[in-house]
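Okay, so here's the structure we're looking at.
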Amino acid sequence: MADIKVLAQQCGGELVNGRPCEILRLITDSRKLFDSENSLFFALRGRSSNGSRYVAELYGRGVRAFVVDRSFDTAPFADAQFIVVPDTLAALQQIAAAHRRALTAGRVVAVTGSNGKTIVKEWLSQLMPQRLSTVRSPKSYNSQLGVPLSLWLLEPDTDLGIIEAGISQPGEMERLERMIAPDDVIVTNVGSAHIENFCTRAELLTEKLVLCRHARRVFFCSDHDDLRQAIESHLPGAELVSWGRRHATSVTVLDVDVRASLTEVTYQYKGERHAVEVPFTDAASVENAMQCVSYMLATGLAVPADLARRVPRLQTVGMRMEVIEGHNGCMLIDDAYNADITSLEIALDFLHRQGTRKGLSRTLILSDLLQTGLDEATLYSRVAKMLAEKHVTRLIGVGQSISRAMQPMSLPGARFFATTDELLEAMSVNDFRNEAVLLKGSRNFYFERIAEMLALKRNRTVLEINMNALASNIAAFRSHLKPETKLLAMVKAFSYGTGSYEIANLMQQQGVDYLGVAFADEGYDLRSAGIRLPIIVMNPEEHSFDMMLNFDLDPEIYNYQALEGYSRAASRLGVEKAGIHIKIDTGMYRSGFRPAEMHELAEHIRRCPNLCVKSVFSHLVGSDSPDFDDFTLEQIALFEDACATLKSELGYGFIRHILNSAGIERFVSHQCEMVRLGIGLYGMSCIDNARLKNVVTMKSYVSQIKTVPAHSTVGYSRRGVVDTDTTIAVVPVGYADGLDRRLSNRAGSLLVNGHKAPIIGNICMDICMIDISGIDVKIGDEVIIFGDANPVWEMAESVGTIPYEILTGISRRVKRIYYEED
C-alpha cells in the first residue's frame, strides 16, 4: 500500500481534490480493473489512443484515483483524487523508480538482450530455492510501460526481483536503468531484433549496456566476441562473470554432449569439474540454461550439486495462453505454465472477457501460489476478491495451502483437492458444461493432465495464430508512418483464414482506426461480438443496406446505383448523415469511379444530403514489384488529383488511402491520411529486411510410419513411384484441410524434426504421405505444414500461387488456436 500524497510527491505532480487514499494497484488498461477502491489509473497517451477517455467509465466503476495530464478537466469528478502531471508515462516511471529505491534488503537482477530474455527470467525463477520470495516480470513486461508495472510488484520482503528489460529505440535504456537500478545484469545475447532503429550493431550493443553502468555484476557468454569486447571496454568498473568455451571465464564449458532428449554440459567452476543435464537439445536452450547456471553459482544461490538436481527439472516455458475447445460446450483457457498473483490477474481478465462474449459461466482451476512473499491469509483473501470482481462462478482449488486458506471462506460451488491426482480421480469431463474454464497451476502440480482431460480430442491438425507476432507486425508498419496516419486493417475472408473476432479484437486493442470486411454479414458478426471500431464493408449488397445502417457499418460505394440505394435506405431509417467510402479506379479496372468522373460524382453526392463521404480510396496494382513502379506512381498521381477535385466540389475534406502493405513498405511518402494493412499483418513482405514476424503456423503429426519396397507406388493413381526402399510417414492433413493438391509428388515438402520431407504420391482428401528416409522420426512427432522454418510464401511459390490463396484456403475444420507468448 502507498499513500496517494506520497505518490504525487514522487512524480512531482499536483494533487487535486486530495483526500487520504491508499493505493495497492497501478493500472493503465481500463479493461483490466481489479479492486477499484485501491487502484490508481494512469491516463496514458499513445499515438492512436488517449487514456483520458476512460476516466469517466472507471469513475463509474468505483475508481477514485487518477493520474492525468494538465489538459484534463477534473471538475466533474469532485470526489476523486487526481495527480496532475505534464507526462503520465513519466509519472508512472518516477513512481516505479521510487518504489524500487525503497527495496533495500532484497536484490534485483535485470535480464536484457535480443533473444532468450523471457526464458532466462522464467528458468531463474524455477531454479530459485523455495525459501526465497521471488518476484519476476509478468509475461513480457519489459518495455517503458511494462518495466514500471513489474517493479511495482516488488514487496518490502522480496528476496529477489527478476526484471526483464527490452528496448527498440535509442535512449530507451537510460530510462529503464534509472527505474530498475539493477544490482546484477544478465545479458543474454545481442542479435538483430530492433536493429533497424539503430545505425549499427555496435550502437545497439552500447545502448543495451547502459543498463549495466551502475550494476555490481554483469553476466554474459564470452563466446559472443563483439558482446565480450563491448562489455570489457564499456564497463571497466563492474565485476564481469562470464561463461563459455573460449577465453578466460568464470564458468568454463568443457564439453557438450547432445543426446536423444537432453544435453549434458560438463563445465569447470573454481578449478573443479562438474556436469549438469539440460533437458533440451537445441543450442538456444543450452545457452539459456548456462546463463542461469553461471548466475546461480556466482551469486551463491546454488552450488553445483544443487544445480545437478534442479536443472534437469527445468520445464518448457509455454509462453502462451491458449484457447481450446472443450467437451460439453466448454471453452478451455490453458494458462497453466505458471501461477503467481499478477499472471492470475491477467488471466482472470481474459477469462471474464471470453466467458462474457460466449455467454458461458466462468470456472477457475487454481493451484497453490508459490513464492509470492505474502502470508496465506493475505494472499488468498486477495484471490477471493479478484474472483468476485471478475464474476468467477466456480473455484476448484488444488493444493494444501489454497485448501487451508480458502475452504473456510465458503465460496459458492467451490471444491478443493490436496493434489492433482485427487482432482482427476474425483472429477470427469461430465462435471463441466457450458463453462469457460481457466487453468492456472504452478509447475509442480502438472495441470497439463487436467488440460488433457478437458480438451475436446479432435483432428490434431491445427492452425496456430501468434497474437504477439501480429501485434509486433502492426508496430513494425506503424514505424514507417507519421504519428497522425490512421490504420485500416483488413479482416475480410475470415481474417485471411486466421479467424474473425479474435483478430478484430486484437486490432481494437492495438488502436487500429478502421476494420475492413468483405460483406455485411462479417461486419454484423463483429458487432455482435463487441467490436466497436469503425467497419467498412468492401462489397456491400443493396439488400444488406438496412442492416448496415442499424449496426453502424459503412459501405464502399463504387457506382451510382449503390450511392442512390444507400441514400434511400438512410432516408427510410431516418439517418441524417450516413458515412460512405468512395472507391476510385485508377487503373485496376475492377470496380470504382474513374478519375474523370469526379465532377459528376460530386453532383450525385450533393443530391444525397443524408450521406457524408468519410474516406476516398483506390487500389494499387503492383506496388510490390519494382517493375511496375512507374505505373504505381501514375496511379498515385491520378488518385491525388481526383481527391483534390472531389474535395473542391464537395466543399469538405475526407480521409484518403491508397497504400496497401507493400505500398507502405515501398511508397511511404504517399501515405495520405490512412493506409491499409492486409497480408503484411501476417508477416508477408515484399522487401528483404522487413523484420516482420510469422503469425500463422499450421501443424499436424505423424500418425503412421511404414517402409515401401523399391519399385512400388504410393497413393492414388500410382503417381508416387519409389526407386529404392523408402520410409514414409502418414500425416492426417489433406486437401479438405486446405493442403493444396498441387503440392503432390515432391512439388512440396513438410517439416518434421527440423528436416524437409517431400510429399510423396498424390495428396488425399484427409491425409498425405511424406518421404522421411534418413530422418529420425517416430509416431506422434510434430509436422509443420508451414510456419517459421517452412514459410507459407515458399509453399505458395512451389505451386505458382500467392500466400493469400494458401491462407484463405485453410478449411474451417482445422482448429484455430490463438496464443500470446510471454
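Quick note on naming: the chains in the C-alpha cells go A, B, ... in the order shown, residues restart at 1 in each chain, and ligands are numbered from 1 in order of appearance.
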Exercise for the section: as a list in words, list the residues of segment 606-725 of chain A assigned to alpha helix (DSSP H) by DSSP on the backbone atoms of this structure. Expected result: Arg606, Asp629, Asp630, Phe631, Thr632, Leu633, Glu634, Gln635, Ile636, Ala637, Leu638, Phe639, Glu640, Asp641, Ala642, Cys643, Ala644, Thr645, Leu646, Lys647, Ser648, Glu649, Leu650, Ser661, Ala662, Gly663, Ile664, Glu665 and Arg666 of chain A
Give me the residues near segment 367-371 of chain A as a short mmCIF file (atom, residue, chain, number, x, y, z; two decimals) with N, CA, C and O atoms, in the first residue's frame, where near means some atom within 7 Å (using only C-alpha atoms) and where sequence neighbours in that chain fewer than 6 positions away do not count.
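Produced file selection_9.cif, reproduced below:
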data_model
loop_
_atom_site.label_atom_id
_atom_site.label_comp_id
_atom_site.auth_asym_id
_atom_site.auth_seq_id
_atom_site.Cartn_x
_atom_site.Cartn_y
_atom_site.Cartn_z
N GLN A 130 13.02 -22.61 -2.74
CA GLN A 130 11.65 -22.31 -2.34
C GLN A 130 11.59 -21.33 -1.17
O GLN A 130 10.61 -20.60 -1.01
N LEU A 132 13.08 -18.62 -0.76
CA LEU A 132 13.22 -17.22 -1.15
C LEU A 132 11.93 -16.69 -1.76
O LEU A 132 11.24 -17.38 -2.51
N SER A 133 11.62 -15.44 -1.44
CA SER A 133 10.50 -14.75 -2.06
C SER A 133 11.00 -14.12 -3.36
O SER A 133 11.84 -13.22 -3.34
N THR A 134 10.49 -14.62 -4.47
CA THR A 134 10.97 -14.19 -5.79
C THR A 134 9.83 -13.52 -6.56
O THR A 134 8.73 -14.05 -6.64
N ALA A 339 1.87 -19.84 -12.13
CA ALA A 339 0.79 -19.33 -11.29
C ALA A 339 1.38 -18.38 -10.27
O ALA A 339 2.04 -18.81 -9.33
N ASP A 340 1.17 -17.11 -10.48
CA ASP A 340 1.52 -16.09 -9.50
C ASP A 340 0.40 -15.08 -9.50
O ASP A 340 -0.47 -15.08 -10.36
N GLY A 397 -9.87 -25.55 -6.22
CA GLY A 397 -8.53 -25.34 -5.70
C GLY A 397 -7.77 -26.64 -5.55
O GLY A 397 -8.34 -27.66 -5.15
N VAL A 398 -6.48 -26.60 -5.88
CA VAL A 398 -5.63 -27.79 -5.78
C VAL A 398 -4.38 -27.43 -4.98
O VAL A 398 -3.62 -26.55 -5.38
N GLY A 399 -4.20 -28.10 -3.86
CA GLY A 399 -3.02 -27.85 -3.04
C GLY A 399 -3.40 -27.63 -1.59
O GLY A 399 -4.52 -27.23 -1.26
N SER A 401 -2.14 -25.43 0.59
CA SER A 401 -2.19 -24.04 1.02
C SER A 401 -3.51 -23.39 0.64
O SER A 401 -4.18 -22.76 1.48
N ILE A 402 -3.91 -23.52 -0.62
CA ILE A 402 -5.16 -22.89 -1.06
C ILE A 402 -6.35 -23.53 -0.36
O ILE A 402 -7.33 -22.86 -0.02
N LYS A 440 -4.82 -22.43 -14.05
CA LYS A 440 -3.65 -21.71 -13.57
C LYS A 440 -2.98 -22.56 -12.51
O LYS A 440 -3.47 -22.68 -11.38
N GLY A 441 -1.87 -23.18 -12.87
CA GLY A 441 -1.22 -24.10 -11.94
C GLY A 441 0.27 -23.91 -11.86
O GLY A 441 0.92 -23.73 -12.88
N SER A 442 0.81 -23.92 -10.66
CA SER A 442 2.26 -23.94 -10.51
C SER A 442 2.80 -25.23 -11.13
O SER A 442 2.10 -26.25 -11.19
#
Handout entry: All strand (DSSP E or B) residues (DSSP, backbone) inside segment 549-776 of chain A, as a PyMOL selection string
Key = chain A and resi 553-557+578-584+593+611-617+655-657+674-677+696-701+704-708+713-714+720-721+726-731+749-752+755-759+768-771
Handout entry: For Val286 of chain A: contacts at 12 Å, only C-alpha atoms, fewer than 2 positions along chain excluded, given as a PyMOL selection string
Key = chain A and resi 116+119-120+123+188+221+244+253+256-258+262-266+276-284+288-293+311-312+314
Taking N, CA and C atoms for each residue, export the selection above as a compact mmCIF listing (two decimals), in the first residue's frame.
# COMPACT_ATOMS: atom_id res chain seq x y z
N GLY A 116 15.99 -14.75 -25.75
CA GLY A 116 16.13 -15.57 -24.55
C GLY A 116 15.85 -14.87 -23.24
N ILE A 119 12.92 -16.57 -21.35
CA ILE A 119 13.29 -17.92 -20.94
C ILE A 119 14.23 -17.87 -19.72
N VAL A 120 15.25 -17.04 -19.80
CA VAL A 120 16.20 -16.93 -18.69
C VAL A 120 15.49 -16.45 -17.43
N TRP A 123 13.39 -19.42 -16.13
CA TRP A 123 14.20 -20.53 -15.62
C TRP A 123 14.92 -20.15 -14.34
N THR A 188 21.80 -11.68 -22.31
CA THR A 188 21.68 -12.99 -22.96
C THR A 188 22.50 -13.04 -24.24
N CYS A 221 27.81 -14.48 -21.94
CA CYS A 221 28.54 -15.57 -22.59
C CYS A 221 29.70 -14.99 -23.37
N GLY A 244 31.57 -19.82 -20.99
CA GLY A 244 31.74 -20.16 -22.39
C GLY A 244 32.83 -21.18 -22.59
N VAL A 253 32.94 -24.03 -20.12
CA VAL A 253 32.30 -25.21 -20.69
C VAL A 253 33.38 -26.09 -21.31
N VAL A 256 30.07 -30.53 -24.50
CA VAL A 256 28.62 -30.51 -24.68
C VAL A 256 28.24 -31.79 -25.42
N ASP A 257 27.50 -32.65 -24.74
CA ASP A 257 27.12 -33.94 -25.30
C ASP A 257 25.61 -33.96 -25.53
N VAL A 258 25.20 -33.83 -26.81
CA VAL A 258 23.77 -33.80 -27.15
C VAL A 258 23.30 -35.23 -27.33
N LEU A 262 18.22 -34.87 -24.12
CA LEU A 262 18.86 -33.94 -23.20
C LEU A 262 20.26 -33.62 -23.69
N THR A 263 20.85 -32.63 -23.05
CA THR A 263 22.22 -32.24 -23.36
C THR A 263 23.02 -32.22 -22.05
N GLU A 264 24.09 -33.01 -22.00
CA GLU A 264 24.95 -32.98 -20.82
C GLU A 264 26.07 -31.98 -21.06
N VAL A 265 26.16 -31.00 -20.16
CA VAL A 265 27.20 -29.98 -20.24
C VAL A 265 28.19 -30.22 -19.12
N THR A 266 29.43 -30.43 -19.48
CA THR A 266 30.50 -30.56 -18.49
C THR A 266 31.20 -29.21 -18.40
N VAL A 276 26.09 -31.01 -15.69
CA VAL A 276 24.67 -30.72 -15.50
C VAL A 276 23.92 -31.20 -16.74
N GLU A 277 22.75 -31.78 -16.54
CA GLU A 277 21.94 -32.26 -17.66
C GLU A 277 20.83 -31.26 -17.95
N VAL A 278 20.91 -30.66 -19.12
CA VAL A 278 19.87 -29.72 -19.57
C VAL A 278 18.82 -30.54 -20.32
N PRO A 279 17.54 -30.47 -19.94
CA PRO A 279 16.53 -31.34 -20.54
C PRO A 279 16.05 -30.87 -21.91
N PHE A 280 16.96 -30.33 -22.72
CA PHE A 280 16.66 -29.87 -24.07
C PHE A 280 17.87 -30.15 -24.94
N THR A 281 17.66 -30.17 -26.25
CA THR A 281 18.77 -30.49 -27.15
C THR A 281 19.15 -29.34 -28.08
N ASP A 282 18.34 -28.30 -28.17
CA ASP A 282 18.68 -27.19 -29.08
C ASP A 282 19.70 -26.27 -28.42
N ALA A 283 20.52 -25.65 -29.26
CA ALA A 283 21.62 -24.83 -28.77
C ALA A 283 21.13 -23.62 -27.97
N ALA A 284 20.00 -23.03 -28.39
CA ALA A 284 19.50 -21.85 -27.69
C ALA A 284 19.11 -22.19 -26.26
N ASN A 288 20.70 -20.65 -22.82
CA ASN A 288 19.87 -20.02 -21.79
C ASN A 288 20.05 -20.69 -20.43
N ALA A 289 20.14 -22.03 -20.44
CA ALA A 289 20.34 -22.75 -19.18
C ALA A 289 21.68 -22.40 -18.55
N MET A 290 22.72 -22.28 -19.37
CA MET A 290 24.04 -21.96 -18.81
C MET A 290 24.11 -20.53 -18.30
N GLN A 291 23.33 -19.62 -18.91
CA GLN A 291 23.24 -18.28 -18.33
C GLN A 291 22.75 -18.37 -16.89
N CYS A 292 21.74 -19.21 -16.69
CA CYS A 292 21.16 -19.39 -15.34
C CYS A 292 22.14 -20.07 -14.40
N VAL A 293 22.82 -21.09 -14.91
CA VAL A 293 23.79 -21.82 -14.09
C VAL A 293 24.88 -20.88 -13.59
N VAL A 311 18.49 -28.41 -12.48
CA VAL A 311 18.46 -28.10 -13.92
C VAL A 311 17.73 -29.17 -14.73
N PRO A 312 17.91 -30.46 -14.45
CA PRO A 312 17.15 -31.46 -15.23
C PRO A 312 15.64 -31.31 -15.09
N LEU A 314 14.10 -28.39 -15.24
CA LEU A 314 13.63 -27.20 -15.95
C LEU A 314 12.53 -27.60 -16.94
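The residue set within 8 Å of Met490 of chain A, counting only C-alpha atoms and dropping same-chain residues fewer than 4 places from it, reads Ser495, Leu515, Gly516, Val517, Arg676, Leu677 and Gly678 of chain A.
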Could you take the residues named above and write them with all heavy atoms, as a PDB file, in the first residue's frame?
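Printed below is again.pdb as written:
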ATOM      1  N   SER A 495     -10.444 -13.133 -41.793  1.00  0.00           N
ATOM      2  CA  SER A 495      -9.120 -12.579 -41.472  1.00  0.00           C
ATOM      3  C   SER A 495      -8.018 -13.407 -42.132  1.00  0.00           C
ATOM      4  O   SER A 495      -7.096 -13.893 -41.482  1.00  0.00           O
ATOM      5  CB  SER A 495      -8.912 -12.495 -39.953  1.00  0.00           C
ATOM      6  OG  SER A 495      -9.782 -11.559 -39.371  1.00  0.00           O
ATOM      7  N   LEU A 515     -11.574  -1.140 -39.507  1.00  0.00           N
ATOM      8  CA  LEU A 515     -11.515  -2.515 -39.980  1.00  0.00           C
ATOM      9  C   LEU A 515     -12.200  -2.589 -41.333  1.00  0.00           C
ATOM     10  O   LEU A 515     -13.163  -1.856 -41.595  1.00  0.00           O
ATOM     11  CB  LEU A 515     -12.203  -3.472 -39.004  1.00  0.00           C
ATOM     12  CG  LEU A 515     -11.623  -3.579 -37.598  1.00  0.00           C
ATOM     13  CD1 LEU A 515     -12.476  -4.524 -36.754  1.00  0.00           C
ATOM     14  CD2 LEU A 515     -10.179  -4.052 -37.634  1.00  0.00           C
ATOM     15  N   GLY A 516     -11.712  -3.487 -42.179  1.00  0.00           N
ATOM     16  CA  GLY A 516     -12.340  -3.706 -43.470  1.00  0.00           C
ATOM     17  C   GLY A 516     -12.798  -5.152 -43.594  1.00  0.00           C
ATOM     18  O   GLY A 516     -12.032  -6.083 -43.311  1.00  0.00           O
ATOM     19  N   VAL A 517     -14.069  -5.348 -43.981  1.00  0.00           N
ATOM     20  CA  VAL A 517     -14.609  -6.685 -44.214  1.00  0.00           C
ATOM     21  C   VAL A 517     -15.137  -6.743 -45.639  1.00  0.00           C
ATOM     22  O   VAL A 517     -15.334  -5.713 -46.289  1.00  0.00           O
ATOM     23  CB  VAL A 517     -15.732  -7.037 -43.210  1.00  0.00           C
ATOM     24  CG1 VAL A 517     -15.203  -7.020 -41.779  1.00  0.00           C
ATOM     25  CG2 VAL A 517     -16.907  -6.076 -43.341  1.00  0.00           C
ATOM     26  N   ARG A 676      -3.780   0.960 -45.584  1.00  0.00           N
ATOM     27  CA  ARG A 676      -4.494  -0.301 -45.368  1.00  0.00           C
ATOM     28  C   ARG A 676      -3.501  -1.444 -45.196  1.00  0.00           C
ATOM     29  O   ARG A 676      -2.602  -1.617 -46.020  1.00  0.00           O
ATOM     30  CB  ARG A 676      -5.408  -0.618 -46.566  1.00  0.00           C
ATOM     31  CG  ARG A 676      -6.519   0.369 -46.787  1.00  0.00           C
ATOM     32  CD  ARG A 676      -7.481  -0.133 -47.850  1.00  0.00           C
ATOM     33  NE  ARG A 676      -6.840  -0.440 -49.108  1.00  0.00           N
ATOM     34  CZ  ARG A 676      -6.596   0.456 -50.058  1.00  0.00           C
ATOM     35  NH1 ARG A 676      -6.932   1.712 -49.888  1.00  0.00           N
ATOM     36  NH2 ARG A 676      -6.006   0.095 -51.186  1.00  0.00           N
ATOM     37  N   LEU A 677      -3.702  -2.201 -44.133  1.00  0.00           N
ATOM     38  CA  LEU A 677      -2.863  -3.365 -43.883  1.00  0.00           C
ATOM     39  C   LEU A 677      -3.659  -4.631 -44.133  1.00  0.00           C
ATOM     40  O   LEU A 677      -4.754  -4.803 -43.602  1.00  0.00           O
ATOM     41  CB  LEU A 677      -2.367  -3.374 -42.439  1.00  0.00           C
ATOM     42  CG  LEU A 677      -1.088  -2.613 -42.141  1.00  0.00           C
ATOM     43  CD1 LEU A 677      -0.780  -2.653 -40.657  1.00  0.00           C
ATOM     44  CD2 LEU A 677       0.072  -3.188 -42.924  1.00  0.00           C
ATOM     45  N   GLY A 678      -3.098  -5.529 -44.935  1.00  0.00           N
ATOM     46  CA  GLY A 678      -3.735  -6.809 -45.195  1.00  0.00           C
ATOM     47  C   GLY A 678      -2.772  -7.942 -44.922  1.00  0.00           C
ATOM     48  O   GLY A 678      -2.489  -8.284 -43.780  1.00  0.00           O
TER      49      GLY A 678
END
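Residues surrounding segment 479-483 of chain A within 10 Å are Gly46, Arg47, Ser48, Asn197, Asn473, Ile474, Ile664, Glu665, Val668, Ser669, Gln671, Cys672, Glu673, Met674 and Val675 of chain A [only C-alpha atoms; sequence separation below 5 positions excluded].
Between Arg309 of chain A and the residues A:Leu463, A:Glu502, A:Leu254, A:Leu127, the shortest atom-to-atom distance, using only C-alpha atoms, involves A:Leu127.
Those residues that approach segment 352-355 of chain A to within 10 Å, counting only C-alpha atoms, are Arg31, Lys32, Val323, Cys330, Met331, Ile333, Ala347, Leu348, Asp349, Lys358, Gly359, Leu360, Ser361, Arg362, Thr363, Leu387, Glu389, Lys390, His391, Val392, Asn434, Glu435, Ala436, Val437 and Leu438 of chain A; same-chain residues fewer than 3 positions away are not listed.
Going from atom CA of Ile705 of chain A to atom CA of Lys778 of chain A covers 7.5 Å.
Within 9 Å of Ile231 of chain A, once only C-alpha atoms are used and residues closer than 6 positions along the same chain are dropped, the contacting residues are A:Leu205, A:Thr206, A:Leu209, A:Val218, A:Phe220, A:Leu240.
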Practice task
Work out how far apart atom CA of Tyr566 of chain A and atom CA of Glu542 of chain A are and give it in Å to one decimal.
Solution key: 7.4 Å
